[in-house]
Every structure is written in structure tokens, then in C-alpha cells.
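As provided, work_13.cif (mmCIF, N, CA, C and O atoms) reads as follows.
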data_my_file
loop_
_atom_site.group_PDB
_atom_site.id
_atom_site.type_symbol
_atom_site.label_atom_id
_atom_site.label_comp_id
_atom_site.auth_asym_id
_atom_site.auth_seq_id
_atom_site.Cartn_x
_atom_site.Cartn_y
_atom_site.Cartn_z
ATOM 1 N N MET E 1 7.600 -11.221 -106.086
ATOM 2 C CA MET E 1 9.036 -11.337 -106.252
ATOM 3 C C MET E 1 9.352 -11.746 -107.685
ATOM 4 O O MET E 1 8.646 -12.548 -108.275
ATOM 5 N N ALA E 2 10.425 -11.230 -108.215
ATOM 6 C CA ALA E 2 10.781 -11.472 -109.607
ATOM 7 C C ALA E 2 11.587 -12.755 -109.809
ATOM 8 O O ALA E 2 11.824 -13.154 -110.929
ATOM 9 N N ILE E 3 12.004 -13.399 -108.732
ATOM 10 C CA ILE E 3 12.729 -14.665 -108.840
ATOM 11 C C ILE E 3 11.725 -15.802 -108.689
ATOM 12 O O ILE E 3 11.013 -15.889 -107.687
ATOM 13 N N ILE E 4 11.661 -16.663 -109.690
ATOM 14 C CA ILE E 4 10.728 -17.790 -109.705
ATOM 15 C C ILE E 4 11.536 -19.078 -109.514
ATOM 16 O O ILE E 4 12.546 -19.278 -110.185
ATOM 17 N N ILE E 5 11.075 -19.923 -108.609
ATOM 18 C CA ILE E 5 11.741 -21.194 -108.336
ATOM 19 C C ILE E 5 10.960 -22.314 -109.013
ATOM 20 O O ILE E 5 9.762 -22.471 -108.794
ATOM 21 N N ASN E 6 11.642 -23.084 -109.837
ATOM 22 C CA ASN E 6 11.007 -24.164 -110.597
ATOM 23 C C ASN E 6 11.500 -25.551 -110.170
ATOM 24 O O ASN E 6 11.525 -26.478 -110.980
ATOM 25 N N ILE E 7 11.865 -25.698 -108.912
ATOM 26 C CA ILE E 7 12.355 -27.001 -108.450
ATOM 27 C C ILE E 7 11.284 -28.065 -108.621
ATOM 28 O O ILE E 7 11.579 -29.189 -109.017
ATOM 29 N N ASP E 8 10.024 -27.711 -108.371
ATOM 30 C CA ASP E 8 8.944 -28.699 -108.490
ATOM 31 C C ASP E 8 8.827 -29.237 -109.916
ATOM 32 O O ASP E 8 8.548 -30.417 -110.123
ATOM 33 N N VAL E 9 9.085 -28.390 -110.904
ATOM 34 C CA VAL E 9 9.039 -28.823 -112.305
ATOM 35 C C VAL E 9 10.131 -29.852 -112.569
ATOM 36 O O VAL E 9 9.878 -30.916 -113.142
ATOM 37 N N MET E 10 11.347 -29.552 -112.115
ATOM 38 C CA MET E 10 12.458 -30.478 -112.326
ATOM 39 C C MET E 10 12.265 -31.763 -111.523
ATOM 40 O O MET E 10 12.592 -32.846 -111.997
ATOM 41 N N MET E 11 11.712 -31.642 -110.323
ATOM 42 C CA MET E 11 11.440 -32.839 -109.521
ATOM 43 C C MET E 11 10.442 -33.744 -110.235
ATOM 44 O O MET E 11 10.608 -34.962 -110.256
ATOM 45 N N ALA E 12 9.424 -33.155 -110.828
ATOM 46 C CA ALA E 12 8.427 -33.947 -111.560
ATOM 47 C C ALA E 12 9.056 -34.607 -112.781
ATOM 48 O O ALA E 12 8.796 -35.787 -113.055
ATOM 49 N N LYS E 13 9.898 -33.875 -113.502
ATOM 50 C CA LYS E 13 10.566 -34.442 -114.680
ATOM 51 C C LYS E 13 11.462 -35.605 -114.302
ATOM 52 O O LYS E 13 11.596 -36.571 -115.054
ATOM 53 N N ARG E 14 12.103 -35.513 -113.144
ATOM 54 C CA ARG E 14 13.032 -36.553 -112.687
ATOM 55 C C ARG E 14 12.339 -37.621 -111.829
ATOM 56 O O ARG E 14 12.977 -38.565 -111.397
ATOM 57 N N LYS E 15 11.052 -37.397 -111.567
ATOM 58 C CA LYS E 15 10.259 -38.342 -110.765
ATOM 59 C C LYS E 15 10.910 -38.613 -109.408
ATOM 60 O O LYS E 15 11.136 -39.751 -109.010
ATOM 61 N N ILE E 16 11.194 -37.518 -108.701
ATOM 62 C CA ILE E 16 11.797 -37.608 -107.380
ATOM 63 C C ILE E 16 10.931 -36.848 -106.385
ATOM 64 O O ILE E 16 10.424 -35.769 -106.702
ATOM 65 N N SER E 17 10.738 -37.416 -105.227
ATOM 66 C CA SER E 17 9.895 -36.775 -104.208
ATOM 67 C C SER E 17 10.700 -35.730 -103.432
ATOM 68 O O SER E 17 11.937 -35.743 -103.433
ATOM 69 N N LEU E 18 9.975 -34.863 -102.753
ATOM 70 C CA LEU E 18 10.602 -33.839 -101.937
ATOM 71 C C LEU E 18 11.456 -34.493 -100.853
ATOM 72 O O LEU E 18 12.592 -34.080 -100.616
ATOM 73 N N GLY E 19 10.930 -35.511 -100.207
ATOM 74 C CA GLY E 19 11.670 -36.185 -99.151
ATOM 75 C C GLY E 19 12.946 -36.833 -99.652
ATOM 76 O O GLY E 19 13.997 -36.758 -98.998
ATOM 77 N N GLU E 20 12.884 -37.465 -100.815
ATOM 78 C CA GLU E 20 14.050 -38.117 -101.385
ATOM 79 C C GLU E 20 15.105 -37.089 -101.779
ATOM 80 O O GLU E 20 16.297 -37.268 -101.504
ATOM 81 N N LEU E 21 14.677 -35.996 -102.412
ATOM 82 C CA LEU E 21 15.634 -34.957 -102.810
ATOM 83 C C LEU E 21 16.260 -34.317 -101.579
ATOM 84 O O LEU E 21 17.468 -34.099 -101.543
ATOM 85 N N ALA E 22 15.455 -34.044 -100.566
ATOM 86 C CA ALA E 22 15.978 -33.447 -99.336
ATOM 87 C C ALA E 22 17.048 -34.345 -98.721
ATOM 88 O O ALA E 22 18.099 -33.866 -98.286
ATOM 89 N N GLU E 23 16.792 -35.642 -98.697
ATOM 90 C CA GLU E 23 17.766 -36.581 -98.141
ATOM 91 C C GLU E 23 19.052 -36.588 -98.965
ATOM 92 O O GLU E 23 20.146 -36.544 -98.412
ATOM 93 N N ARG E 24 18.926 -36.611 -100.274
ATOM 94 C CA ARG E 24 20.102 -36.637 -101.151
ATOM 95 C C ARG E 24 20.927 -35.358 -101.046
ATOM 96 O O ARG E 24 22.144 -35.378 -101.165
ATOM 97 N N VAL E 25 20.239 -34.228 -100.843
ATOM 98 C CA VAL E 25 20.902 -32.927 -100.777
ATOM 99 C C VAL E 25 21.362 -32.617 -99.350
ATOM 100 O O VAL E 25 22.153 -31.713 -99.127
ATOM 101 N N ASP E 26 20.869 -33.394 -98.397
ATOM 102 C CA ASP E 26 21.207 -33.242 -96.984
ATOM 103 C C ASP E 26 20.685 -31.928 -96.397
ATOM 104 O O ASP E 26 21.413 -31.197 -95.726
ATOM 105 N N ILE E 27 19.412 -31.627 -96.696
ATOM 106 C CA ILE E 27 18.709 -30.546 -96.012
ATOM 107 C C ILE E 27 17.374 -31.113 -95.540
ATOM 108 O O ILE E 27 16.944 -32.168 -95.992
ATOM 109 N N THR E 28 16.731 -30.412 -94.636
ATOM 110 C CA THR E 28 15.465 -30.921 -94.117
ATOM 111 C C THR E 28 14.381 -30.777 -95.178
ATOM 112 O O THR E 28 14.418 -29.840 -95.999
ATOM 113 N N PRO E 29 13.399 -31.666 -95.172
ATOM 114 C CA PRO E 29 12.272 -31.512 -96.093
ATOM 115 C C PRO E 29 11.571 -30.160 -95.911
ATOM 116 O O PRO E 29 11.126 -29.556 -96.881
ATOM 117 N N ALA E 30 11.512 -29.668 -94.677
ATOM 118 C CA ALA E 30 10.878 -28.366 -94.424
ATOM 119 C C ALA E 30 11.636 -27.249 -95.130
ATOM 120 O O ALA E 30 11.019 -26.371 -95.754
ATOM 121 N N ASN E 31 12.961 -27.269 -95.064
ATOM 122 C CA ASN E 31 13.750 -26.228 -95.732
ATOM 123 C C ASN E 31 13.658 -26.342 -97.244
ATOM 124 O O ASN E 31 13.597 -25.321 -97.942
ATOM 125 N N LEU E 32 13.635 -27.552 -97.770
ATOM 126 C CA LEU E 32 13.470 -27.728 -99.216
ATOM 127 C C LEU E 32 12.097 -27.243 -99.656
ATOM 128 O O LEU E 32 11.957 -26.609 -100.699
ATOM 129 N N SER E 33 11.095 -27.492 -98.843
ATOM 130 C CA SER E 33 9.739 -27.028 -99.151
ATOM 131 C C SER E 33 9.676 -25.505 -99.185
ATOM 132 O O SER E 33 9.053 -24.918 -100.074
ATOM 133 N N ILE E 34 10.337 -24.862 -98.236
ATOM 134 C CA ILE E 34 10.391 -23.391 -98.208
ATOM 135 C C ILE E 34 11.038 -22.866 -99.482
ATOM 136 O O ILE E 34 10.551 -21.923 -100.108
ATOM 137 N N LEU E 35 12.116 -23.501 -99.894
ATOM 138 C CA LEU E 35 12.794 -23.100 -101.126
ATOM 139 C C LEU E 35 11.909 -23.358 -102.336
ATOM 140 O O LEU E 35 11.730 -22.489 -103.195
ATOM 141 N N LYS E 36 11.313 -24.536 -102.388
ATOM 142 C CA LYS E 36 10.476 -24.932 -103.526
ATOM 143 C C LYS E 36 9.276 -24.001 -103.702
ATOM 144 O O LYS E 36 8.870 -23.694 -104.818
ATOM 145 N N ASN E 37 8.728 -23.531 -102.594
ATOM 146 C CA ASN E 37 7.549 -22.674 -102.650
ATOM 147 C C ASN E 37 7.879 -21.195 -102.798
ATOM 148 O O ASN E 37 6.986 -20.347 -102.742
ATOM 149 N N GLY E 38 9.150 -20.879 -103.002
ATOM 150 C CA GLY E 38 9.544 -19.491 -103.232
ATOM 151 C C GLY E 38 9.526 -18.628 -101.991
ATOM 152 O O GLY E 38 9.504 -17.407 -102.081
ATOM 153 N N LYS E 39 9.535 -19.237 -100.816
ATOM 154 C CA LYS E 39 9.488 -18.480 -99.559
ATOM 155 C C LYS E 39 10.877 -18.179 -99.002
ATOM 156 O O LYS E 39 11.007 -17.397 -98.075
ATOM 157 N N ALA E 40 11.917 -18.809 -99.548
ATOM 158 C CA ALA E 40 13.278 -18.607 -99.056
ATOM 159 C C ALA E 40 13.789 -17.235 -99.461
ATOM 160 O O ALA E 40 13.458 -16.727 -100.530
ATOM 161 N N LYS E 41 14.601 -16.651 -98.605
ATOM 162 C CA LYS E 41 15.205 -15.346 -98.890
ATOM 163 C C LYS E 41 16.569 -15.504 -99.555
ATOM 164 O O LYS E 41 17.077 -14.564 -100.154
ATOM 165 N N ALA E 42 17.163 -16.694 -99.443
ATOM 166 C CA ALA E 42 18.495 -16.924 -100.003
ATOM 167 C C ALA E 42 18.707 -18.421 -100.177
ATOM 168 O O ALA E 42 17.970 -19.232 -99.617
ATOM 169 N N ILE E 43 19.723 -18.775 -100.958
ATOM 170 C CA ILE E 43 20.142 -20.160 -101.110
ATOM 171 C C ILE E 43 21.656 -20.183 -101.180
ATOM 172 O O ILE E 43 22.263 -19.336 -101.843
ATOM 173 N N ARG E 44 22.259 -21.101 -100.466
ATOM 174 C CA ARG E 44 23.708 -21.251 -100.511
ATOM 175 C C ARG E 44 24.086 -21.897 -101.833
ATOM 176 O O ARG E 44 23.376 -22.756 -102.346
ATOM 177 N N PHE E 45 25.228 -21.482 -102.350
ATOM 178 C CA PHE E 45 25.704 -22.084 -103.600
ATOM 179 C C PHE E 45 25.935 -23.576 -103.433
ATOM 180 O O PHE E 45 25.708 -24.353 -104.357
ATOM 181 N N SER E 46 26.368 -24.002 -102.252
ATOM 182 C CA SER E 46 26.590 -25.438 -102.029
ATOM 183 C C SER E 46 25.278 -26.212 -102.104
ATOM 184 O O SER E 46 25.237 -27.325 -102.636
ATOM 185 N N THR E 47 24.189 -25.608 -101.612
ATOM 186 C CA THR E 47 22.869 -26.244 -101.698
ATOM 187 C C THR E 47 22.390 -26.259 -103.139
ATOM 188 O O THR E 47 21.892 -27.275 -103.627
ATOM 189 N N LEU E 48 22.557 -25.153 -103.834
ATOM 190 C CA LEU E 48 22.169 -25.074 -105.242
ATOM 191 C C LEU E 48 22.953 -26.094 -106.061
ATOM 192 O O LEU E 48 22.383 -26.791 -106.909
ATOM 193 N N GLU E 49 24.240 -26.201 -105.788
ATOM 194 C CA GLU E 49 25.078 -27.176 -106.494
ATOM 195 C C GLU E 49 24.574 -28.605 -106.242
ATOM 196 O O GLU E 49 24.466 -29.403 -107.177
ATOM 197 N N ALA E 50 24.252 -28.917 -105.003
ATOM 198 C CA ALA E 50 23.775 -30.266 -104.663
ATOM 199 C C ALA E 50 22.430 -30.560 -105.330
ATOM 200 O O ALA E 50 22.212 -31.662 -105.830
ATOM 201 N N ILE E 51 21.539 -29.577 -105.357
ATOM 202 C CA ILE E 51 20.238 -29.764 -106.014
ATOM 203 C C ILE E 51 20.445 -30.009 -107.509
ATOM 204 O O ILE E 51 19.846 -30.924 -108.085
ATOM 205 N N CYS E 52 21.293 -29.208 -108.131
ATOM 206 C CA CYS E 52 21.560 -29.376 -109.560
ATOM 207 C C CYS E 52 22.201 -30.726 -109.846
ATOM 208 O O CYS E 52 21.871 -31.376 -110.836
ATOM 209 N N ARG E 53 23.101 -31.152 -108.977
ATOM 210 C CA ARG E 53 23.743 -32.457 -109.150
ATOM 211 C C ARG E 53 22.698 -33.573 -109.089
ATOM 212 O O ARG E 53 22.660 -34.449 -109.949
ATOM 213 N N GLU E 54 21.825 -33.531 -108.094
ATOM 214 C CA GLU E 54 20.838 -34.593 -107.904
ATOM 215 C C GLU E 54 19.740 -34.577 -108.962
ATOM 216 O O GLU E 54 19.195 -35.624 -109.312
ATOM 217 N N LEU E 55 19.403 -33.387 -109.465
ATOM 218 C CA LEU E 55 18.364 -33.282 -110.492
ATOM 219 C C LEU E 55 18.957 -33.297 -111.901
ATOM 220 O O LEU E 55 18.218 -33.222 -112.880
ATOM 221 N N ASP E 56 20.284 -33.359 -112.000
ATOM 222 C CA ASP E 56 20.980 -33.361 -113.281
ATOM 223 C C ASP E 56 20.500 -32.197 -114.150
ATOM 224 O O ASP E 56 19.968 -32.379 -115.249
ATOM 225 N N CYS E 57 20.654 -30.982 -113.604
ATOM 226 C CA CYS E 57 20.186 -29.788 -114.311
ATOM 227 C C CYS E 57 21.136 -28.627 -114.055
ATOM 228 O O CYS E 57 22.083 -28.745 -113.290
ATOM 229 N N GLN E 58 20.858 -27.524 -114.703
ATOM 230 C CA GLN E 58 21.610 -26.289 -114.530
ATOM 231 C C GLN E 58 20.841 -25.369 -113.578
ATOM 232 O O GLN E 58 19.612 -25.471 -113.470
ATOM 233 N N PRO E 59 21.534 -24.438 -112.896
ATOM 234 C CA PRO E 59 20.827 -23.504 -112.015
ATOM 235 C C PRO E 59 19.688 -22.768 -112.716
ATOM 236 O O PRO E 59 18.627 -22.547 -112.129
ATOM 237 N N GLY E 60 19.879 -22.429 -113.991
ATOM 238 C CA GLY E 60 18.839 -21.735 -114.747
ATOM 239 C C GLY E 60 17.596 -22.571 -115.001
ATOM 240 O O GLY E 60 16.538 -22.042 -115.331
ATOM 241 N N ASP E 61 17.711 -23.888 -114.819
ATOM 242 C CA ASP E 61 16.544 -24.758 -114.960
ATOM 243 C C ASP E 61 15.618 -24.652 -113.762
ATOM 244 O O ASP E 61 14.426 -24.944 -113.868
ATOM 245 N N ILE E 62 16.164 -24.237 -112.620
ATOM 246 C CA ILE E 62 15.337 -24.192 -111.409
ATOM 247 C C ILE E 62 15.150 -22.793 -110.841
ATOM 248 O O ILE E 62 14.269 -22.577 -110.022
ATOM 249 N N ILE E 63 15.958 -21.845 -111.294
ATOM 250 C CA ILE E 63 15.811 -20.455 -110.846
ATOM 251 C C ILE E 63 15.639 -19.581 -112.068
ATOM 252 O O ILE E 63 16.435 -19.632 -113.000
ATOM 253 N N GLU E 64 14.592 -18.778 -112.049
ATOM 254 C CA GLU E 64 14.251 -17.950 -113.205
ATOM 255 C C GLU E 64 13.979 -16.524 -112.746
ATOM 256 O O GLU E 64 13.408 -16.310 -111.676
ATOM 257 N N TYR E 65 14.394 -15.561 -113.542
ATOM 258 C CA TYR E 65 14.087 -14.158 -113.268
ATOM 259 C C TYR E 65 13.011 -13.684 -114.218
ATOM 260 O O TYR E 65 13.092 -13.908 -115.424
ATOM 261 N N ARG E 66 12.008 -13.049 -113.661
ATOM 262 C CA ARG E 66 10.981 -12.374 -114.477
ATOM 263 C C ARG E 66 10.850 -10.954 -113.967
ATOM 264 O O ARG E 66 10.786 -10.732 -112.756
ATOM 265 N N SER E 67 10.786 -10.018 -114.880
ATOM 266 C CA SER E 67 10.623 -8.627 -114.452
ATOM 267 C C SER E 67 9.298 -8.469 -113.728
ATOM 268 O O SER E 67 8.355 -9.230 -113.944
ATOM 269 N N GLU E 68 9.239 -7.495 -112.868
ATOM 270 C CA GLU E 68 8.013 -7.256 -112.086
ATOM 271 C C GLU E 68 6.805 -7.043 -112.983
ATOM 272 O O GLU E 68 5.702 -7.428 -112.660
ATOM 273 N N ASP E 69 7.011 -6.441 -114.167
ATOM 274 C CA ASP E 69 5.905 -6.219 -115.104
ATOM 275 C C ASP E 69 5.281 -7.532 -115.553
ATOM 276 O O ASP E 69 4.095 -7.652 -115.687
ATOM 277 N N ASN E 70 6.120 -8.563 -115.791
ATOM 278 C CA ASN E 70 5.633 -9.857 -116.256
ATOM 279 C C ASN E 70 4.967 -10.665 -115.164
ATOM 280 O O ASN E 70 4.095 -11.465 -115.431
ATOM 281 N N THR E 71 5.376 -10.492 -113.903
ATOM 282 C CA THR E 71 4.832 -11.315 -112.830
ATOM 283 C C THR E 71 3.404 -10.915 -112.479
ATOM 284 O O THR E 71 2.636 -11.730 -112.000
ATOM 285 N N THR E 72 3.028 -9.668 -112.734
ATOM 286 C CA THR E 72 1.676 -9.231 -112.395
ATOM 287 C C THR E 72 0.646 -9.746 -113.401
ATOM 288 O O THR E 72 -0.527 -9.806 -113.104
ATOM 289 N N ASN E 73 1.102 -10.119 -114.596
ATOM 290 C CA ASN E 73 0.184 -10.587 -115.624
ATOM 291 C C ASN E 73 -0.050 -12.093 -115.573
ATOM 292 O O ASN E 73 -0.770 -12.627 -116.382
ATOM 293 N N GLN E 74 0.596 -12.779 -114.643
ATOM 294 C CA GLN E 74 0.473 -14.236 -114.620
ATOM 295 C C GLN E 74 -0.240 -14.716 -113.392
ATOM 296 O O GLN E 74 -0.421 -14.137 -112.439
#

Rendering of file as C-alpha cells:
Amino acid sequence: MAIIINIDVMMAKRKISLGELAERVDITPANLSILKNGKAKAIRFSTLEAICRELDCQPGDIIEYRSEDNTTNQ
């Protein structure tokens, strides 16, 4: 998939655990884990907004697009 999720990078920078972020964003740790691991098929803007608010970041800090050509080389 060409969409890369970097929530784990921002979580590490902010020193926040998955459980703590899930609680602050009001989603289950299992659903946050699915999103963090790139297994989610979609994300609600309200969830994205809450994650960005809690991590003090922009959507582009946690969601990245890479062309299919670039993803095969990494």
C-alpha cells in the first residue's frame, strides 16, 4: 500500500504509550494498533483530528504517501 502510517514515530517522539493515546483519543487500543500498523482501511477525520491534537502534530506527520515504485525498494 502506498499510504504509510507513522503514528509510532510521533508516539515515540512524544513519549506516549499506545494505551494512553487510545484513552485520550477515545478509541480502543486494538483499533489504534490496527491503525498504527497500517492495517486500517480508513480513518475518520474526527479520529485523525483527535490523534493530531493529542500528539501535537499535523496529519502529514503521521500519514505519508509513497508511490508504489518507492515502496518496493524499501

Mind telling me what the PyMOL selection byres ((chain E and resi 8-20) around 6) catches here, as a tab-separated table (two decimals) with N, CA, C and O atoms, in the frame of the given file?
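This went into part_14.tsv:
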chain	number	residue	atom	x	y	z
E	5	ILE	N	11.08	-19.92	-108.61
E	5	ILE	CA	11.74	-21.19	-108.34
E	5	ILE	C	10.96	-22.31	-109.01
E	5	ILE	O	9.76	-22.47	-108.79
E	6	ASN	N	11.64	-23.08	-109.84
E	6	ASN	CA	11.01	-24.16	-110.60
E	6	ASN	C	11.50	-25.55	-110.17
E	6	ASN	O	11.52	-26.48	-110.98
E	7	ILE	N	11.86	-25.70	-108.91
E	7	ILE	CA	12.36	-27.00	-108.45
E	7	ILE	C	11.28	-28.06	-108.62
E	7	ILE	O	11.58	-29.19	-109.02
E	21	LEU	N	14.68	-36.00	-102.41
E	21	LEU	CA	15.63	-34.96	-102.81
E	21	LEU	C	16.26	-34.32	-101.58
E	21	LEU	O	17.47	-34.10	-101.54
E	22	ALA	N	15.46	-34.04	-100.57
E	22	ALA	CA	15.98	-33.45	-99.34
E	22	ALA	C	17.05	-34.34	-98.72
E	22	ALA	O	18.10	-33.87	-98.29
E	23	GLU	N	16.79	-35.64	-98.70
E	23	GLU	CA	17.77	-36.58	-98.14
E	23	GLU	C	19.05	-36.59	-98.96
E	23	GLU	O	20.15	-36.54	-98.41
E	24	ARG	N	18.93	-36.61	-100.27
E	24	ARG	CA	20.10	-36.64	-101.15
E	24	ARG	C	20.93	-35.36	-101.05
E	24	ARG	O	22.14	-35.38	-101.16
E	25	VAL	N	20.24	-34.23	-100.84
E	25	VAL	CA	20.90	-32.93	-100.78
E	25	VAL	C	21.36	-32.62	-99.35
E	25	VAL	O	22.15	-31.71	-99.13
E	29	PRO	N	13.40	-31.67	-95.17
E	29	PRO	CA	12.27	-31.51	-96.09
E	29	PRO	C	11.57	-30.16	-95.91
E	29	PRO	O	11.13	-29.56	-96.88
E	36	LYS	N	11.31	-24.54	-102.39
E	36	LYS	CA	10.48	-24.93	-103.53
E	36	LYS	C	9.28	-24.00	-103.70
E	36	LYS	O	8.87	-23.69	-104.82
E	55	LEU	N	19.40	-33.39	-109.46
E	55	LEU	CA	18.36	-33.28	-110.49
E	55	LEU	C	18.96	-33.30	-111.90
E	55	LEU	O	18.22	-33.22	-112.88
E	61	ASP	N	17.71	-23.89	-114.82
E	61	ASP	CA	16.54	-24.76	-114.96
E	61	ASP	C	15.62	-24.65	-113.76
E	61	ASP	O	14.43	-24.94	-113.87

Given the file shown, enumerate the residues that the PyMOL selection byres (((chain E and resi 50 and name CA) around 12) and name CA) captures and present them as a PyMOL selection string. chain E and resi 21-27+32+43-49+51-59

Using only C-alpha atoms, which residues sit within 12 Å of Lys41 of chain E once same-chain residues fewer than 4 positions away are excluded, as a PyMOL selection string? chain E and resi 1+3-5+31+34-37

All helix (DSSP H, G or I) residues (DSSP, backbone) inside chain E, as an MDAnalysis selection string: chainID E and resid 7:14 18:25 29:36 45:55 59:62 68:71

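Coordinates place atom CA of Ala42 of chain E at a distance of 15.5 Å from atom CA of Thr28 of chain E.
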
Apply the PyMOL selection byres (((chain E and resi 64-67 and name CA) around 6) and name CA) to the displayed file and report the matching residues as a PyMOL selection string. chain E and resi 2-4+63+68-70

DSSP-assigned strand (DSSP E or B) members of chain E, reported as a ChimeraX atom specification: /E:3-5,63-65

Output the selection as a CSV table (one decimal), keeping the file's coordinate frame - N, CA, C and O atoms for each residue.
chain,number,residue,atom,x,y,z
E,3,ILE,N,12.0,-13.4,-108.7
E,3,ILE,CA,12.7,-14.7,-108.8
E,3,ILE,C,11.7,-15.8,-108.7
E,3,ILE,O,11.0,-15.9,-107.7
E,4,ILE,N,11.7,-16.7,-109.7
E,4,ILE,CA,10.7,-17.8,-109.7
E,4,ILE,C,11.5,-19.1,-109.5
E,4,ILE,O,12.5,-19.3,-110.2
E,5,ILE,N,11.1,-19.9,-108.6
E,5,ILE,CA,11.7,-21.2,-108.3
E,5,ILE,C,11.0,-22.3,-109.0
E,5,ILE,O,9.8,-22.5,-108.8
E,63,ILE,N,16.0,-21.8,-111.3
E,63,ILE,CA,15.8,-20.5,-110.8
E,63,ILE,C,15.6,-19.6,-112.1
E,63,ILE,O,16.4,-19.6,-113.0
E,64,GLU,N,14.6,-18.8,-112.0
E,64,GLU,CA,14.3,-18.0,-113.2
E,64,GLU,C,14.0,-16.5,-112.7
E,64,GLU,O,13.4,-16.3,-111.7
E,65,TYR,N,14.4,-15.6,-113.5
E,65,TYR,CA,14.1,-14.2,-113.3
E,65,TYR,C,13.0,-13.7,-114.2
E,65,TYR,O,13.1,-13.9,-115.4

Please indicate the distance in Å from atom C of Ser33 of chain E to atom C of Gly60 of chain E, rounded to one decimal place. 17.9 Å

Give me, please, the distance in Å between atom O of Ile62 of chain E and atom CA of Ala40 of chain E, quoted to one decimal.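 Separating atom O of Ile62 of chain E from atom CA of Ala40 of chain E is a distance of 11.7 Å.
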
Generate the missing atoms of segment 12-18 of chain E up to all heavy atoms and report them as a compact mmCIF listing (two decimals), in the coordinates of the input.
# COMPACT_ATOMS: atom_id res chain seq x y z
N ALA E 12 9.42 -33.16 -110.83
CA ALA E 12 8.43 -33.95 -111.56
C ALA E 12 9.06 -34.61 -112.78
O ALA E 12 8.80 -35.79 -113.06
CB ALA E 12 7.25 -33.06 -111.97
N LYS E 13 9.90 -33.88 -113.50
CA LYS E 13 10.57 -34.44 -114.68
C LYS E 13 11.46 -35.60 -114.30
O LYS E 13 11.60 -36.57 -115.05
CB LYS E 13 11.39 -33.37 -115.40
CG LYS E 13 10.58 -32.38 -116.17
CD LYS E 13 11.48 -31.38 -116.87
CE LYS E 13 10.67 -30.39 -117.67
NZ LYS E 13 11.52 -29.39 -118.36
N ARG E 14 12.10 -35.51 -113.14
CA ARG E 14 13.03 -36.55 -112.69
C ARG E 14 12.34 -37.62 -111.83
O ARG E 14 12.98 -38.56 -111.40
CB ARG E 14 14.18 -35.94 -111.88
CG ARG E 14 14.97 -34.88 -112.62
CD ARG E 14 15.67 -35.43 -113.86
NE ARG E 14 16.59 -34.45 -114.41
CZ ARG E 14 16.42 -33.82 -115.56
NH1 ARG E 14 15.35 -34.03 -116.28
NH2 ARG E 14 17.31 -32.97 -116.00
N LYS E 15 11.05 -37.40 -111.57
CA LYS E 15 10.26 -38.34 -110.76
C LYS E 15 10.91 -38.61 -109.41
O LYS E 15 11.14 -39.75 -109.01
CB LYS E 15 10.02 -39.64 -111.53
CG LYS E 15 9.21 -39.41 -112.78
CD LYS E 15 8.95 -40.68 -113.52
CE LYS E 15 8.05 -40.32 -114.70
NZ LYS E 15 8.23 -41.15 -115.84
N ILE E 16 11.19 -37.52 -108.70
CA ILE E 16 11.80 -37.61 -107.38
C ILE E 16 10.93 -36.85 -106.38
O ILE E 16 10.42 -35.77 -106.70
CB ILE E 16 13.26 -37.08 -107.40
CG1 ILE E 16 13.95 -37.31 -106.06
CG2 ILE E 16 13.31 -35.63 -107.79
CD1 ILE E 16 15.44 -37.04 -106.08
N SER E 17 10.74 -37.42 -105.23
CA SER E 17 9.90 -36.78 -104.21
C SER E 17 10.70 -35.73 -103.43
O SER E 17 11.94 -35.74 -103.43
CB SER E 17 9.36 -37.82 -103.24
OG SER E 17 10.41 -38.32 -102.42
N LEU E 18 9.98 -34.86 -102.75
CA LEU E 18 10.60 -33.84 -101.94
C LEU E 18 11.46 -34.49 -100.85
O LEU E 18 12.59 -34.08 -100.62
CB LEU E 18 9.53 -32.93 -101.31
CG LEU E 18 10.10 -31.76 -100.52
CD1 LEU E 18 9.45 -30.48 -100.96
CD2 LEU E 18 9.89 -31.98 -99.04
